[in-house]
Amino acid sequence: MRKLYKKNELLFAILWIILYCVVTIPIRGKRGDESAAMLAALAVIAAGIFVFVKRNHLEEKYGLCRFKGKAADYWFFIPMAVLMTGNLWGGFGIAYSGIGQAFAVVSMLLVGFIEEMIFRGFLFRILLKKDPAPVAITISAVTFGIGHIVNLFAGQANMETLIQVFFAIAWGFIFSFVFYKSGSLCICIPIHGMVNALSNFAAPDRSLASAYLYMGATIIVAIIYCIYLSKKPAALHDGQ
């Protein structure tokens, strides 16, 4: 992996995305997010990413470091924290019974780490090196959102997948902007993980209207939030 990383960082990022999809989609389709197999697969991928970053001293580059802004700017994470609860706006429930619920929650937290590292870390950082920030942010966000189409292959419904794609694109812009401006993924990772994890506590009979409400609120907040963040100084810079 190190040789590939040194030779072609973009290919390195793309291969991590492919590996993640190829490993997890069949397991999700056959056994589900609540399975021990999914938890084990995600744990191995997450460990592989963490060990690679740690062993090569890339924590600073890929955002496994402290937020670099002023303490007074920490409040700009509040919109993410509010949106994080959106899966509960339509009511509360338990997605799986017994230990399956615990497996699903931990799996979704690991997904937060993995997806932030491969889409915001690996992919966004190499794009930022080659392209202006607006282009890098857009490609990272849209790629992240469109990538959720693969959930169709795991048996997910068409409308649910479409909602998820637009929802993920909006979150992709938020996470990319926050990383670009703060230089850290240590806020994005737990927020992303909790968005996923709390989906396992959403009411099973929640209406489509509540899903549209959450998606609409996320898109509107993403637009306003990103405009606000665009005026903040960046911790990362083009060409880095």
# chains A, B, ... in the order shown; residues from 1 in each chain; ligands from 1
>>> residues_around(residues="stretch 81-94 of chain A", least_positions_apart="4", cutoff="7 Å", atoms="only C-alpha atoms", output="PyMOL selection string")
chain A and resi 77+191+194-195+198-204+206+210+214+218
>>> select_by_dssp(residues="stretch 11-196 of chain A", states="alpha helix (DSSP H)", output="PDB file with C-alpha atoms, in the first residue's frame")
ATOM      1  CA  LEU A  11      -5.424   5.591  -7.357  1.00  0.00           C
ATOM      2  CA  PHE A  12      -4.642   4.777  -3.727  1.00  0.00           C
ATOM      3  CA  ALA A  13      -7.810   6.607  -2.617  1.00  0.00           C
ATOM      4  CA  ILE A  14      -9.964   5.021  -5.324  1.00  0.00           C
ATOM      5  CA  LEU A  15      -8.765   1.525  -4.457  1.00  0.00           C
ATOM      6  CA  TRP A  16      -9.695   2.056  -0.806  1.00  0.00           C
ATOM      7  CA  ILE A  17     -13.189   3.118  -1.885  1.00  0.00           C
ATOM      8  CA  ILE A  18     -13.516   0.064  -4.149  1.00  0.00           C
ATOM      9  CA  LEU A  19     -12.219  -2.257  -1.417  1.00  0.00           C
ATOM     10  CA  TYR A  20     -14.702  -0.836   1.068  1.00  0.00           C
ATOM     11  CA  CYS A  21     -17.627  -1.318  -1.329  1.00  0.00           C
ATOM     12  CA  VAL A  22     -16.597  -4.778  -2.550  1.00  0.00           C
ATOM     13  CA  VAL A  23     -16.210  -6.092   1.003  1.00  0.00           C
ATOM     14  CA  THR A  24     -19.257  -4.550   2.669  1.00  0.00           C
ATOM     15  CA  ILE A  25     -21.999  -4.620   0.005  1.00  0.00           C
ATOM     16  CA  PRO A  26     -22.296  -8.440  -0.241  1.00  0.00           C
ATOM     17  CA  ILE A  27     -22.284  -8.760   3.548  1.00  0.00           C
ATOM     18  CA  ARG A  28     -24.936  -6.056   3.943  1.00  0.00           C
ATOM     19  CA  GLY A  29     -27.101  -7.720   1.289  1.00  0.00           C
ATOM     20  CA  LYS A  30     -26.865 -11.247   2.699  1.00  0.00           C
ATOM     21  CA  ALA A  36     -21.105 -10.150  13.360  1.00  0.00           C
ATOM     22  CA  ALA A  37     -19.658 -10.568   9.843  1.00  0.00           C
ATOM     23  CA  MET A  38     -20.324  -6.907   9.001  1.00  0.00           C
ATOM     24  CA  LEU A  39     -18.839  -5.739  12.278  1.00  0.00           C
ATOM     25  CA  ALA A  40     -15.727  -7.870  11.747  1.00  0.00           C
ATOM     26  CA  ALA A  41     -15.245  -6.680   8.147  1.00  0.00           C
ATOM     27  CA  LEU A  42     -15.596  -3.020   9.090  1.00  0.00           C
ATOM     28  CA  ALA A  43     -13.243  -3.450  12.052  1.00  0.00           C
ATOM     29  CA  VAL A  44     -10.565  -4.945   9.787  1.00  0.00           C
ATOM     30  CA  ILE A  45     -10.908  -2.122   7.221  1.00  0.00           C
ATOM     31  CA  ALA A  46     -10.874   0.562   9.918  1.00  0.00           C
ATOM     32  CA  ALA A  47      -7.825  -1.014  11.563  1.00  0.00           C
ATOM     33  CA  GLY A  48      -6.035  -1.197   8.199  1.00  0.00           C
ATOM     34  CA  ILE A  49      -6.634   2.503   7.540  1.00  0.00           C
ATOM     35  CA  PHE A  50      -5.605   3.541  11.044  1.00  0.00           C
ATOM     36  CA  VAL A  51      -2.425   1.440  11.038  1.00  0.00           C
ATOM     37  CA  PHE A  52      -1.407   2.759   7.612  1.00  0.00           C
ATOM     38  CA  VAL A  53      -1.911   6.393   8.660  1.00  0.00           C
ATOM     39  CA  LYS A  54      -0.212   5.906  12.023  1.00  0.00           C
ATOM     40  CA  ARG A  55       2.737   3.913  10.724  1.00  0.00           C
ATOM     41  CA  ILE A  78     -23.440  23.207  16.311  1.00  0.00           C
ATOM     42  CA  PRO A  79     -25.390  22.830  13.012  1.00  0.00           C
ATOM     43  CA  MET A  80     -23.792  19.400  12.498  1.00  0.00           C
ATOM     44  CA  ALA A  81     -24.720  18.343  16.030  1.00  0.00           C
ATOM     45  CA  VAL A  82     -28.349  19.398  15.495  1.00  0.00           C
ATOM     46  CA  LEU A  83     -28.652  17.651  12.122  1.00  0.00           C
ATOM     47  CA  ILE A  99     -27.058  -8.261  20.295  1.00  0.00           C
ATOM     48  CA  GLY A 100     -27.832  -7.397  16.667  1.00  0.00           C
ATOM     49  CA  GLN A 101     -28.695  -3.844  17.696  1.00  0.00           C
ATOM     50  CA  ALA A 102     -25.333  -3.430  19.437  1.00  0.00           C
ATOM     51  CA  PHE A 103     -23.500  -4.874  16.421  1.00  0.00           C
ATOM     52  CA  ALA A 104     -25.348  -2.489  14.083  1.00  0.00           C
ATOM     53  CA  VAL A 105     -24.576   0.573  16.221  1.00  0.00           C
ATOM     54  CA  VAL A 106     -20.861  -0.212  16.479  1.00  0.00           C
ATOM     55  CA  SER A 107     -20.741  -1.030  12.767  1.00  0.00           C
ATOM     56  CA  MET A 108     -22.255   2.340  11.901  1.00  0.00           C
ATOM     57  CA  LEU A 109     -19.737   4.140  14.105  1.00  0.00           C
ATOM     58  CA  LEU A 110     -16.960   2.330  12.227  1.00  0.00           C
ATOM     59  CA  VAL A 111     -18.549   3.356   8.918  1.00  0.00           C
ATOM     60  CA  GLY A 112     -18.260   6.965  10.071  1.00  0.00           C
ATOM     61  CA  PHE A 113     -14.524   6.547  10.600  1.00  0.00           C
ATOM     62  CA  ILE A 114     -13.909   4.625   7.369  1.00  0.00           C
ATOM     63  CA  GLU A 115     -15.919   6.903   5.081  1.00  0.00           C
ATOM     64  CA  PHE A 124     -10.210  15.044  -0.786  1.00  0.00           C
ATOM     65  CA  ARG A 125      -6.562  15.620   0.145  1.00  0.00           C
ATOM     66  CA  ILE A 126      -5.235  14.426  -3.214  1.00  0.00           C
ATOM     67  CA  LEU A 127      -7.946  16.386  -5.070  1.00  0.00           C
ATOM     68  CA  LEU A 128      -6.991  19.493  -3.112  1.00  0.00           C
ATOM     69  CA  LYS A 129      -3.409  18.983  -4.236  1.00  0.00           C
ATOM     70  CA  LYS A 130      -4.470  18.963  -7.893  1.00  0.00           C
ATOM     71  CA  ALA A 133     -10.687  23.980  -3.196  1.00  0.00           C
ATOM     72  CA  PRO A 134     -14.246  24.461  -4.606  1.00  0.00           C
ATOM     73  CA  VAL A 135     -13.601  21.744  -7.188  1.00  0.00           C
ATOM     74  CA  ALA A 136     -12.045  19.357  -4.664  1.00  0.00           C
ATOM     75  CA  ILE A 137     -14.898  19.892  -2.199  1.00  0.00           C
ATOM     76  CA  THR A 138     -17.539  19.358  -4.879  1.00  0.00           C
ATOM     77  CA  ILE A 139     -15.974  16.190  -6.286  1.00  0.00           C
ATOM     78  CA  SER A 140     -15.485  14.729  -2.812  1.00  0.00           C
ATOM     79  CA  ALA A 141     -19.066  15.524  -1.749  1.00  0.00           C
ATOM     80  CA  VAL A 142     -20.754  14.342  -4.950  1.00  0.00           C
ATOM     81  CA  THR A 143     -18.643  11.169  -5.140  1.00  0.00           C
ATOM     82  CA  PHE A 144     -19.558  10.392  -1.542  1.00  0.00           C
ATOM     83  CA  GLY A 145     -23.263  10.898  -2.256  1.00  0.00           C
ATOM     84  CA  ILE A 146     -23.413   9.024  -5.548  1.00  0.00           C
ATOM     85  CA  ASN A 158     -35.108   2.740  -5.017  1.00  0.00           C
ATOM     86  CA  MET A 159     -36.770   5.722  -3.302  1.00  0.00           C
ATOM     87  CA  GLU A 160     -34.850   5.173  -0.070  1.00  0.00           C
ATOM     88  CA  THR A 161     -31.605   5.056  -2.040  1.00  0.00           C
ATOM     89  CA  LEU A 162     -32.450   8.250  -3.953  1.00  0.00           C
ATOM     90  CA  ILE A 163     -33.171  10.094  -0.713  1.00  0.00           C
ATOM     91  CA  GLN A 164     -29.946   8.758   0.744  1.00  0.00           C
ATOM     92  CA  VAL A 165     -27.902   9.997  -2.248  1.00  0.00           C
ATOM     93  CA  PHE A 166     -29.113  13.619  -1.970  1.00  0.00           C
ATOM     94  CA  PHE A 167     -28.826  13.453   1.814  1.00  0.00           C
ATOM     95  CA  ALA A 168     -25.250  12.152   1.574  1.00  0.00           C
ATOM     96  CA  ILE A 169     -24.222  14.805  -0.961  1.00  0.00           C
ATOM     97  CA  ALA A 170     -25.413  17.533   1.442  1.00  0.00           C
ATOM     98  CA  TRP A 171     -23.483  15.950   4.315  1.00  0.00           C
ATOM     99  CA  GLY A 172     -20.499  15.501   2.000  1.00  0.00           C
ATOM    100  CA  PHE A 173     -20.325  19.249   1.417  1.00  0.00           C
ATOM    101  CA  ILE A 174     -20.582  19.912   5.153  1.00  0.00           C
ATOM    102  CA  PHE A 175     -17.878  17.432   6.118  1.00  0.00           C
ATOM    103  CA  SER A 176     -15.550  18.528   3.302  1.00  0.00           C
ATOM    104  CA  PHE A 177     -15.917  22.206   4.202  1.00  0.00           C
ATOM    105  CA  VAL A 178     -15.372  21.550   7.913  1.00  0.00           C
ATOM    106  CA  PHE A 179     -12.236  19.515   7.187  1.00  0.00           C
ATOM    107  CA  TYR A 180     -10.939  22.156   4.777  1.00  0.00           C
ATOM    108  CA  LYS A 181     -11.499  24.961   7.255  1.00  0.00           C
ATOM    109  CA  SER A 182     -10.485  23.183  10.475  1.00  0.00           C
ATOM    110  CA  CYS A 188     -16.550  14.905  11.345  1.00  0.00           C
ATOM    111  CA  ILE A 189     -15.825  11.285  12.265  1.00  0.00           C
ATOM    112  CA  PRO A 190     -18.006  11.088  15.423  1.00  0.00           C
ATOM    113  CA  ILE A 191     -20.788  13.196  13.878  1.00  0.00           C
ATOM    114  CA  HIS A 192     -20.839  10.979  10.777  1.00  0.00           C
ATOM    115  CA  GLY A 193     -20.792   7.866  12.942  1.00  0.00           C
ATOM    116  CA  MET A 194     -23.666   9.102  15.095  1.00  0.00           C
ATOM    117  CA  VAL A 195     -25.806  10.023  12.068  1.00  0.00           C
ATOM    118  CA  ASN A 196     -25.446   6.415  10.944  1.00  0.00           C
TER     119      ASN A 196
END
>>> atom_distance(atom1="atom CA of A:Pro233", atom2="atom CA of A:Ala217")
25.9 Å
>>> atom_distance(atom1="atom CA of A:Lys68", atom2="atom CA of A:Asn8")
27.9 Å
>>> atom_distance(atom1="atom CA of A:Arg2", atom2="atom CA of A:Glu116")
19.7 Å
>>> closest_residue(among="A:Leu10, A:Val221, A:Ile227, A:Ala235", to="A:Leu123", atoms="only C-alpha atoms")
A:Leu10
>>> closest_residue(among="A:Leu4, A:Cys186, A:Ala95, A:Cys65", to="A:Gly32", atoms="only C-alpha atoms")
A:Ala95
